[in-house]
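> Quick one, upload32.cif (mmCIF, C-alpha atoms):
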```
data_upload
loop_
_atom_site.label_atom_id
_atom_site.label_comp_id
_atom_site.auth_asym_id
_atom_site.auth_seq_id
_atom_site.Cartn_x
_atom_site.Cartn_y
_atom_site.Cartn_z
CA MET A 1 -12.19 -12.45 -43.55
CA LEU A 2 -15.91 -12.55 -42.81
CA ARG A 3 -15.26 -15.13 -40.09
CA LEU A 4 -12.77 -12.78 -38.39
CA TYR A 5 -15.36 -9.99 -38.46
CA PHE A 6 -18.00 -12.12 -36.74
CA THR A 7 -15.52 -13.34 -34.13
CA ALA A 8 -14.43 -9.78 -33.34
CA ALA A 9 -18.06 -8.63 -33.23
CA LYS A 10 -18.87 -11.42 -30.77
CA TYR A 11 -16.03 -10.42 -28.43
CA LEU A 12 -16.91 -6.74 -28.66
CA SER A 13 -20.52 -7.53 -27.84
CA ALA A 14 -19.45 -9.60 -24.83
CA ALA A 15 -17.16 -6.80 -23.62
CA LYS A 16 -19.96 -4.25 -24.03
CA ASN A 17 -22.33 -6.45 -22.02
CA SER A 18 -19.76 -6.85 -19.25
CA VAL A 19 -19.17 -3.11 -19.00
CA THR A 20 -22.91 -2.44 -19.00
CA ARG A 21 -23.49 -4.96 -16.18
CA PHE A 22 -20.63 -3.44 -14.18
CA LEU A 23 -21.96 0.09 -14.52
CA LYS A 24 -25.52 -0.93 -13.60
CA SER A 25 -24.53 -2.93 -10.53
CA LYS A 26 -26.08 -1.75 -7.27
CA GLU A 27 -23.13 -2.68 -5.09
CA GLU A 28 -22.45 0.17 -2.69
CA GLY A 29 -20.17 0.65 0.27
CA ALA A 30 -17.67 -1.62 1.93
CA SER A 31 -18.43 -5.03 3.31
CA LEU A 32 -17.82 -6.15 6.87
CA ALA A 33 -14.66 -8.00 5.81
CA GLU A 34 -13.18 -4.83 4.35
CA TYR A 35 -13.93 -2.91 7.54
CA GLY A 36 -12.29 -5.69 9.53
CA LEU A 37 -9.15 -5.53 7.39
CA LEU A 38 -8.96 -1.76 7.79
CA LEU A 39 -9.36 -2.05 11.55
CA ALA A 40 -6.63 -4.70 11.75
CA LEU A 41 -4.27 -2.57 9.67
CA ILE A 42 -4.86 0.48 11.87
CA ALA A 43 -4.27 -1.62 14.99
CA VAL A 44 -0.98 -2.97 13.63
CA ILE A 45 0.20 0.53 12.73
CA CYS A 46 -0.66 1.79 16.23
CA ILE A 47 1.15 -1.08 17.93
CA VAL A 48 4.26 -0.57 15.81
CA ALA A 49 4.24 3.18 16.46
CA ILE A 50 3.84 2.71 20.23
CA ALA A 51 6.58 0.10 20.33
CA ALA A 52 8.97 2.27 18.31
CA LEU A 53 8.31 5.54 20.13
CA GLY A 54 7.48 4.24 23.60
CA THR A 55 11.03 3.94 24.90
CA ARG A 56 12.07 7.28 23.41
CA ILE A 57 9.17 9.10 25.04
CA SER A 58 9.81 7.38 28.37
CA THR A 59 13.48 8.37 28.24
CA MET A 60 12.55 11.95 27.34
CA PHE A 61 10.21 12.23 30.35
CA GLN A 62 12.82 10.76 32.68
CA ILE A 63 15.42 13.30 31.50
CA LEU A 64 12.87 16.10 31.86
CA SER A 65 11.87 15.02 35.37
CA THR A 66 15.47 14.82 36.58
CA SER A 67 16.27 18.25 35.15
CA ILE A 68 13.36 19.84 37.01
#
```
Turn the structure described in the file into structure tokens.


Amino acid sequence: MLRLYFTAAKYLSAAKNSVTRFLKSKEEGASLAEYGLLLALIAVICIVAIAALGTRISTMFQILSTSI
């Protein structure tokens, strides 16, 4: 029983140390890789939106120009 107590105390101490190190870390902001991934995602979304809506908008303007 005493052995179980010391084992649990050891793991709790290690968990406490990990949480303390995490909270004291000075890491701030996003890295260049994260900004690059965001930029790539935004570019892909724009390309998909333009490809999906491009023909519809072109058709709409052609119909509008012929009706005028």

> What's the separation between CA of Ser67 in chain A and CA of Ala51 in chain A, in Å to one decimal place?

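Separation of CA of Ser67 in chain A and CA of Ala51 in chain A: 25.4 Å.
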
> May I ask for the distance between CA of Tyr35 in chain A and CA of Arg21 in chain A, given in Å to one decimal place?

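CA of Arg21 in chain A lies at a distance of 25.7 Å from CA of Tyr35 in chain A.
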
> By how many Å are CA of Leu12 in chain A and CA of Lys24 in chain A apart?

18.3 Å
